[in-house]
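Read the structure below first, then the notes.
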Amino acid sequence: MGKASRDEEIKHPGPLEGGASREPPFTRLGNDPDILELIADFLTESEDELTKVEQLFAKVDRGGANLEQVNFLFRVFHSIKGTASFLNAPDVRELAHAAEAVLRVVRDGEMALSGLALEAVSDAADLMRALVEDIGAAVQKGGVLVRRPELAAILAKLVEAGREAAPLTLEAARPDSMEPTAASAKPGDAQQRGEARLPETLRVDVGRVDAAVELISSLIVAEAMLVHSPEVSAIQSHDVRRALHQVVKLSRELHDLTMRMRMVPVRAVFDKVARMARSLSKSTGKPLQFEVKGEETEIDRGMVEQLQAPLVHIVRNALDHGIEPSEERRAAGKPAVATLRMAASQDGGQIVVAVSDDGRGLQRQKILKKARSRGLIPADDKLSDEQIHALVFSPGFSTASKVTDISGRGVGLDVVKKNVERLRGRVQLWSTEGQGTTLRMVLPLTLAVIDGTFVSCGEGSYVIPSSAILELLVPTREAITTFAGQVQFLNVRGQLIPLRRLSLILDSPSGETDPTRAVAVVVESGDQKSALLVDEVVAQRQIVVKPLHMPPPRAEHFSGATILPDGSPGLIIDVDRLSDPVGRATA
Amino acid sequence: MTFRLSNEEYGLPILKVKELVALAAITRVPGAAEFMRGVINLRGRILPVLDLREKFGMGQIAQTKHTVVIVVEHVLDGRRRSIGIMVDEALEVIRVDPASIEALPDAGPKAFQSDLILGVAKVRDRVVFLLDIDLALAREGSPSALNELPPPG
């Protein structure tokens, strides 16, 4: 959206000191779609801008923000102020105006933004984001906008900062001078000021990208049907074969490209979590140095939102349980300021997101005590470190000695684990007592495409995610042990693994009954291995995962569906939920 | 829009109907409700398909050349989702004069699921049961399953 054009729209924002006549914003706007659209634009744009502001503050060095950065801040607040006046959002307008005033003083004095002024403007930016979020919530829920209690304090701080920055003039308090001029918003200026080095982007409606992905998925299915049809396969013509090959290649490329369109940097999530960590550090009184790496790493858009909850949880955990109060740290010979690192990277077909702290680490004794009192383990059990680490992931386990409003009650890492597993990822944990904890989430690159192994079983054919498969083997008679005439185990190199018949689990008639003529698919769910007996393993290929929305009762065995090469739907087996009784022998 | 189920004629508000599709290759979904026939590929989307005869405890629909799937929208887990409703035959789109709609005569407390019928319309010489499809879809189980439940109280 053009800032310049909007600036023109709002030539006369009107008096700003109209505090007495404040009315709740938007109440008189009703449901006018034009206004709602304006508000939506305002929300996205100001959120984008405020994110840039936040990144700017993260980079500001000790000398303070330079003139270039001050100019940028000025423009952001100015443009927010303009729209806010138009939208009748007095709190936003007032705050933007006050911040703008301070920035003007700094700019006119050609000074760096530092000290109280820097702090005040940074506070204003944080509060501004909260206000903008409030507006979003109020519009969506139709609720009333309540004035933020902290607004008054920050306004006062800004006024004071303005006075301090310009002791000889009252400029700062002058309402609304005509700034910035159109010239400062001229295109081309941006590069000179060095703030637009990002690659050019185009904002596209998510629905369109999804529609493109769907269409291309269908195209690939159609292409497979065409290429594999017997009639086409019989064609000998060199030209036709070459053209077909070309079609296959191009459609794959197109597919990859659209998939990449769904990828977004994790930066947005990291920024949010960082913001939360900073405010937690303040409220808990535990000084914190927050380091972020790899925020440009891209992940599937669908995963971004779902990544946030586990990350927030991990960081909260770190601040609440892991990181010690400064005194304790000093006593332990550690730097008083704790370090929390958040890093993302792409590793082959996977995304790794890690959070590590240099806190006290997992406390073996405390965990054991808690686990015993919860009856999770017998009193005299000797546990390895690994087993202890596994305990913290069990449901309802939380060792916070005091309940704080940060970590809440009884909600622990099990939620993180569950969230990550829902994304077909896994969580790893390392911890050294006294030195810190690292939690790593390993996630698939995309939610939409997975490697699938096609198996047939009775009349049905199903897809098992290849990532869950350890190995495929044809059982020999000797390798099968039957227990109590019912339960069968498969001996895989000395390890007994429960043998389950997919046909029984899925109640699918006429599966192969002789295990030695079937194929055992050894799968892993958590630490649990099991061997699934299927008739045949048909093929392995990439599949596009589609949601399966069955009315209740849910089809528990499946995590989704896909379109098979023949155009019919295929069901994707959820290995984690094949909870049926361990395979009973039918023969 | 009216459709045939066994020998009975039912009606749905036309605005509920998104489209009609011929029954394509259907994949059974083990573990789903009895009356769910499975899922089909609707232009790349996975569409669950319900057998309305089975849902009403009238036995499974035998597939003929008339068998058709009516795609409607319903609310599942608070979201609008499409679902396919398999019926014996789609008949026609008729205009029902609201004044001609009568309440379903009370067939006694045991008449099953009579609350799913919004009313009865007489169209020419035929009787059309107007179906509350949202309620029908929201109700879990088929009548046979419901009958197995112990009586309330």
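Simple scheme: letters A, B, ... for chains in structure tokens order, numbers from 1 for residues in each chain, numbers from 1 for ligands in the order shown.
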Open item on the list: At a cut-off of 12 Å, which residues of chain B touch chain A? Count only C-alpha atoms and give the answer as a PyMOL selection string.
Closed with: chain B and resi 23-50+74-77+79-84+136-142
- [ ] Check the DSSP output for the backbone and give back, as a PyMOL selection string, the residues of segment 71-302 of chain A in helix (DSSP H, G or I).
- [x] chain A and resi 71-87+90-108+115-141+150-165+171-173+182-185+189-193+206-228+230-233+238-261+267-284+301-302
Task: Between atom CA of Lys18 of chain B and atom CA of Val72 of chain B, distance in Å (one decimal) - done: 5.5 Å
Task: Those in segment 246-320 of chain A with strand (DSSP E) from DSSP, as a PyMOL selection string - done: chain A and resi 263-265+288-293+298-300
Those same residues, written as a tab-separated table (two decimals), in the first residue's frame with all heavy atoms?
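Now in out15.tsv:
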chain	number	residue	atom	x	y	z
A	263	MET	N	6.38	-21.75	1.61
A	263	MET	CA	7.39	-21.68	2.65
A	263	MET	C	7.59	-20.24	3.11
A	263	MET	O	7.67	-19.32	2.30
A	263	MET	CB	8.72	-22.23	2.14
A	263	MET	CG	8.62	-23.61	1.54
A	263	MET	SD	8.32	-24.87	2.77
A	263	MET	CE	10.00	-25.20	3.25
A	264	VAL	N	7.67	-20.05	4.39
A	264	VAL	CA	7.94	-18.72	4.93
A	264	VAL	C	9.08	-18.82	5.94
A	264	VAL	O	9.27	-19.86	6.54
A	264	VAL	CB	6.69	-18.11	5.60
A	264	VAL	CG1	5.61	-17.84	4.61
A	264	VAL	CG2	6.19	-19.03	6.70
A	265	PRO	N	9.81	-17.73	6.13
A	265	PRO	CA	10.88	-17.77	7.13
A	265	PRO	C	10.30	-17.92	8.54
A	265	PRO	O	9.20	-17.45	8.80
A	265	PRO	CB	11.58	-16.41	6.99
A	265	PRO	CG	11.04	-15.78	5.77
A	265	PRO	CD	9.74	-16.42	5.46
A	288	LEU	N	18.52	-11.62	30.90
A	288	LEU	CA	18.64	-12.62	29.86
A	288	LEU	C	19.27	-12.04	28.61
A	288	LEU	O	18.95	-10.93	28.19
A	288	LEU	CB	17.23	-13.11	29.51
A	288	LEU	CG	17.10	-14.26	28.53
A	288	LEU	CD1	17.62	-15.52	29.17
A	288	LEU	CD2	15.66	-14.43	28.12
A	289	GLN	N	20.18	-12.81	28.05
A	289	GLN	CA	20.68	-12.45	26.74
A	289	GLN	C	20.07	-13.42	25.75
A	289	GLN	O	20.23	-14.63	25.89
A	289	GLN	CB	22.20	-12.55	26.72
A	289	GLN	CG	22.78	-12.04	25.43
A	289	GLN	CD	24.28	-12.09	25.44
A	289	GLN	OE1	24.91	-12.25	26.48
A	289	GLN	NE2	24.86	-11.99	24.26
A	290	PHE	N	19.38	-12.87	24.79
A	290	PHE	CA	18.64	-13.74	23.88
A	290	PHE	C	19.34	-13.77	22.54
A	290	PHE	O	19.53	-12.73	21.91
A	290	PHE	CB	17.22	-13.18	23.74
A	290	PHE	CG	16.25	-14.17	23.20
A	290	PHE	CD1	15.69	-15.12	24.04
A	290	PHE	CD2	15.89	-14.15	21.87
A	290	PHE	CE1	14.79	-16.04	23.55
A	290	PHE	CE2	14.99	-15.08	21.38
A	290	PHE	CZ	14.44	-16.03	22.22
A	291	GLU	N	19.74	-14.94	22.10
A	291	GLU	CA	20.45	-15.04	20.82
A	291	GLU	C	19.61	-15.84	19.84
A	291	GLU	O	19.09	-16.90	20.18
A	291	GLU	CB	21.81	-15.71	21.02
A	291	GLU	CG	22.76	-14.84	21.81
A	291	GLU	CD	24.06	-15.56	22.12
A	291	GLU	OE1	24.27	-16.68	21.61
A	291	GLU	OE2	24.85	-15.00	22.89
A	292	VAL	N	19.53	-15.32	18.64
A	292	VAL	CA	18.72	-15.99	17.63
A	292	VAL	C	19.58	-16.27	16.41
A	292	VAL	O	20.37	-15.43	15.98
A	292	VAL	CB	17.51	-15.12	17.23
A	292	VAL	CG1	16.77	-15.74	16.08
A	292	VAL	CG2	16.59	-14.93	18.42
A	293	LYS	N	19.45	-17.46	15.88
A	293	LYS	CA	20.23	-17.83	14.70
A	293	LYS	C	19.31	-18.50	13.69
A	293	LYS	O	18.40	-19.23	14.07
A	293	LYS	CB	21.35	-18.80	15.11
A	293	LYS	CG	22.73	-18.30	14.74
A	293	LYS	CD	23.80	-19.23	15.28
A	293	LYS	CE	24.00	-20.44	14.38
A	293	LYS	NZ	24.99	-21.37	14.98
A	298	GLU	N	13.36	-21.42	6.17
A	298	GLU	CA	11.96	-21.42	5.75
A	298	GLU	C	11.25	-22.71	6.13
A	298	GLU	O	11.82	-23.80	6.02
A	298	GLU	CB	11.88	-21.22	4.23
A	298	GLU	CG	12.37	-19.85	3.82
A	298	GLU	CD	12.08	-19.56	2.37
A	298	GLU	OE1	12.11	-20.52	1.57
A	298	GLU	OE2	11.83	-18.39	2.05
A	299	ILE	N	10.02	-22.56	6.56
A	299	ILE	CA	9.20	-23.74	6.81
A	299	ILE	C	7.83	-23.56	6.19
A	299	ILE	O	7.44	-22.46	5.80
A	299	ILE	CB	9.03	-24.04	8.32
A	299	ILE	CG1	8.37	-22.88	9.04
A	299	ILE	CG2	10.36	-24.36	8.96
A	299	ILE	CD1	8.03	-23.22	10.48
A	300	ASP	N	7.11	-24.64	6.12
A	300	ASP	CA	5.78	-24.62	5.54
A	300	ASP	C	4.88	-23.67	6.33
A	300	ASP	O	4.88	-23.67	7.55
A	300	ASP	CB	5.20	-26.02	5.58
A	300	ASP	CG	3.96	-26.15	4.74
A	300	ASP	OD1	2.87	-25.74	5.19
A	300	ASP	OD2	4.08	-26.65	3.61
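The protein and nucleic acid residues lying at most 8 Å from segment 66-70 of chain B are Val17, Lys18, Glu19, Leu20, Val21, Ala22, Leu23, Val49, Gln63, Thr64, Val72, Gly84, Ile85, Met86, Val87, Asp88, Glu89 and Ala90 of chain B, with only C-alpha atoms considered and sequence neighbours fewer than 2 positions away removed.
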Output of the above residues as a tab-separated table (two decimals), in the first residue's frame, restricted to N, CA and C atoms:
chain	number	residue	atom	x	y	z
B	17	VAL	N	-27.53	-27.29	-1.43
B	17	VAL	CA	-26.88	-28.20	-2.37
B	17	VAL	C	-25.79	-27.47	-3.13
B	18	LYS	N	-24.57	-27.96	-3.02
B	18	LYS	CA	-23.48	-27.32	-3.74
B	18	LYS	C	-23.36	-27.88	-5.15
B	19	GLU	N	-23.45	-29.18	-5.25
B	19	GLU	CA	-23.42	-29.78	-6.58
B	19	GLU	C	-23.83	-31.24	-6.50
B	20	LEU	N	-24.04	-31.83	-7.65
B	20	LEU	CA	-24.31	-33.26	-7.73
B	20	LEU	C	-23.14	-33.90	-8.45
B	21	VAL	N	-22.67	-35.01	-7.92
B	21	VAL	CA	-21.60	-35.70	-8.64
B	21	VAL	C	-21.96	-37.17	-8.78
B	22	ALA	N	-21.50	-37.74	-9.88
B	22	ALA	CA	-21.69	-39.17	-10.08
B	22	ALA	C	-20.76	-39.89	-9.10
B	23	LEU	N	-21.14	-41.07	-8.73
B	23	LEU	CA	-20.34	-41.79	-7.76
B	23	LEU	C	-19.06	-42.31	-8.42
B	49	VAL	N	-18.32	-39.55	2.03
B	49	VAL	CA	-19.63	-39.81	1.44
B	49	VAL	C	-20.46	-40.66	2.39
B	63	GLN	N	-25.89	-49.85	-5.67
B	63	GLN	CA	-25.47	-48.89	-6.67
B	63	GLN	C	-26.11	-49.16	-8.02
B	64	THR	N	-26.77	-48.16	-8.57
B	64	THR	CA	-27.34	-48.29	-9.91
B	64	THR	C	-26.84	-47.11	-10.73
B	72	VAL	N	-23.22	-31.35	0.03
B	72	VAL	CA	-23.77	-30.27	0.85
B	72	VAL	C	-22.69	-29.81	1.82
B	84	GLY	N	-20.59	-35.53	1.11
B	84	GLY	CA	-21.39	-36.06	0.03
B	84	GLY	C	-22.48	-36.95	0.60
B	85	ILE	N	-23.68	-36.79	0.09
B	85	ILE	CA	-24.79	-37.62	0.56
B	85	ILE	C	-25.25	-38.49	-0.59
B	86	MET	N	-25.12	-39.78	-0.38
B	86	MET	CA	-25.43	-40.71	-1.46
B	86	MET	C	-26.92	-41.05	-1.38
B	87	VAL	N	-27.62	-40.87	-2.48
B	87	VAL	CA	-29.05	-41.18	-2.51
B	87	VAL	C	-29.34	-42.05	-3.73
B	88	ASP	N	-30.53	-42.64	-3.75
B	88	ASP	CA	-30.84	-43.56	-4.83
B	88	ASP	C	-30.99	-42.84	-6.16
B	89	GLU	N	-31.55	-41.65	-6.10
B	89	GLU	CA	-31.75	-40.94	-7.36
B	89	GLU	C	-32.07	-39.47	-7.07
B	90	ALA	N	-31.46	-38.59	-7.84
B	90	ALA	CA	-31.83	-37.19	-7.72
B	90	ALA	C	-33.03	-36.98	-8.63
Task: Nearby residues (only C-alpha atoms) at most 10 Å from Arg517 of chain A, same-chain spacing under 4 positions excluded, as JSON, numbers by chain - done: {"A": [474, 475, 476, 477, 512, 513, 533, 534, 535, 536]}
Would you output that residue set with C-alpha atoms, as an mmCIF file, in the first residue's frame?
data_model
loop_
_atom_site.group_PDB
_atom_site.id
_atom_site.type_symbol
_atom_site.label_atom_id
_atom_site.label_comp_id
_atom_site.auth_asym_id
_atom_site.auth_seq_id
_atom_site.Cartn_x
_atom_site.Cartn_y
_atom_site.Cartn_z
ATOM 1 C CA VAL A 474 9.422 -61.293 4.783
ATOM 2 C CA PRO A 475 9.061 -63.250 8.011
ATOM 3 C CA THR A 476 10.331 -66.814 8.125
ATOM 4 C CA ARG A 477 8.336 -69.361 10.073
ATOM 5 C CA GLU A 512 -3.056 -62.858 3.423
ATOM 6 C CA THR A 513 -3.217 -65.237 6.397
ATOM 7 C CA LEU A 533 1.768 -57.527 8.350
ATOM 8 C CA VAL A 534 0.571 -56.483 4.918
ATOM 9 C CA ASP A 535 -0.048 -58.462 1.747
ATOM 10 C CA GLU A 536 2.326 -56.588 -0.427
#
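Proximity ranking of B:Val123, B:Leu135, B:Met58, B:Leu118 relative to Glu92 of chain B places B:Val123 first, based on only C-alpha atoms.
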Open item on the list: So that I can see what lies close to Val227 of chain A, please list as a PyMOL selection string the residues with an atom at most 8 Å from it, counting only C-alpha atoms and leaving out residues fewer than 5 positions away in the same chain.
Closed with: chain A and resi 232-233+244
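Atom CA of Thr438 of chain A lies 8.7 Å from atom CA of Gly361 of chain A.
For the pair atom CA of Thr44 of chain A and atom CA of Glu133 of chain A, the interatomic distance is 10.0 Å.
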Task: Contact residues around Gly115 of chain A with only C-alpha atoms at 9 Å, ignoring same-chain residues under 4 positions, as a PyMOL selection string - done: chain A and resi 64+119-120+161
Quick one: write out the picked residues with N, CA, C and O atoms as an mmCIF file, in the first residue's frame?
data_model
loop_
_atom_site.group_PDB
_atom_site.id
_atom_site.type_symbol
_atom_site.label_atom_id
_atom_site.label_comp_id
_atom_site.auth_asym_id
_atom_site.auth_seq_id
_atom_site.Cartn_x
_atom_site.Cartn_y
_atom_site.Cartn_z
ATOM 1 N N GLY A 64 23.294 4.276 20.135
ATOM 2 C CA GLY A 64 21.930 4.695 19.861
ATOM 3 C C GLY A 64 21.596 4.553 18.386
ATOM 4 O O GLY A 64 22.445 4.195 17.569
ATOM 5 N N GLU A 119 14.605 4.414 24.929
ATOM 6 C CA GLU A 119 13.794 3.504 25.729
ATOM 7 C C GLU A 119 12.311 3.811 25.554
ATOM 8 O O GLU A 119 11.490 2.917 25.367
ATOM 9 N N ALA A 120 12.001 5.109 25.597
ATOM 10 C CA ALA A 120 10.597 5.505 25.502
ATOM 11 C C ALA A 120 10.012 5.115 24.151
ATOM 12 O O ALA A 120 8.889 4.601 24.068
ATOM 13 N N ALA A 161 10.898 12.354 27.693
ATOM 14 C CA ALA A 161 12.023 12.098 26.798
ATOM 15 C C ALA A 161 12.173 13.226 25.799
ATOM 16 O O ALA A 161 13.281 13.662 25.471
#
- [ ] Quick one: everything within 12 Å of Arg203 of chain A, counting only C-alpha atoms, minus sequence neighbours fewer than 5 positions away in the same chain. Send it as JSON, numbers by chain.
- [x] {"A": [1, 41, 44, 45, 48, 208, 209, 261]}
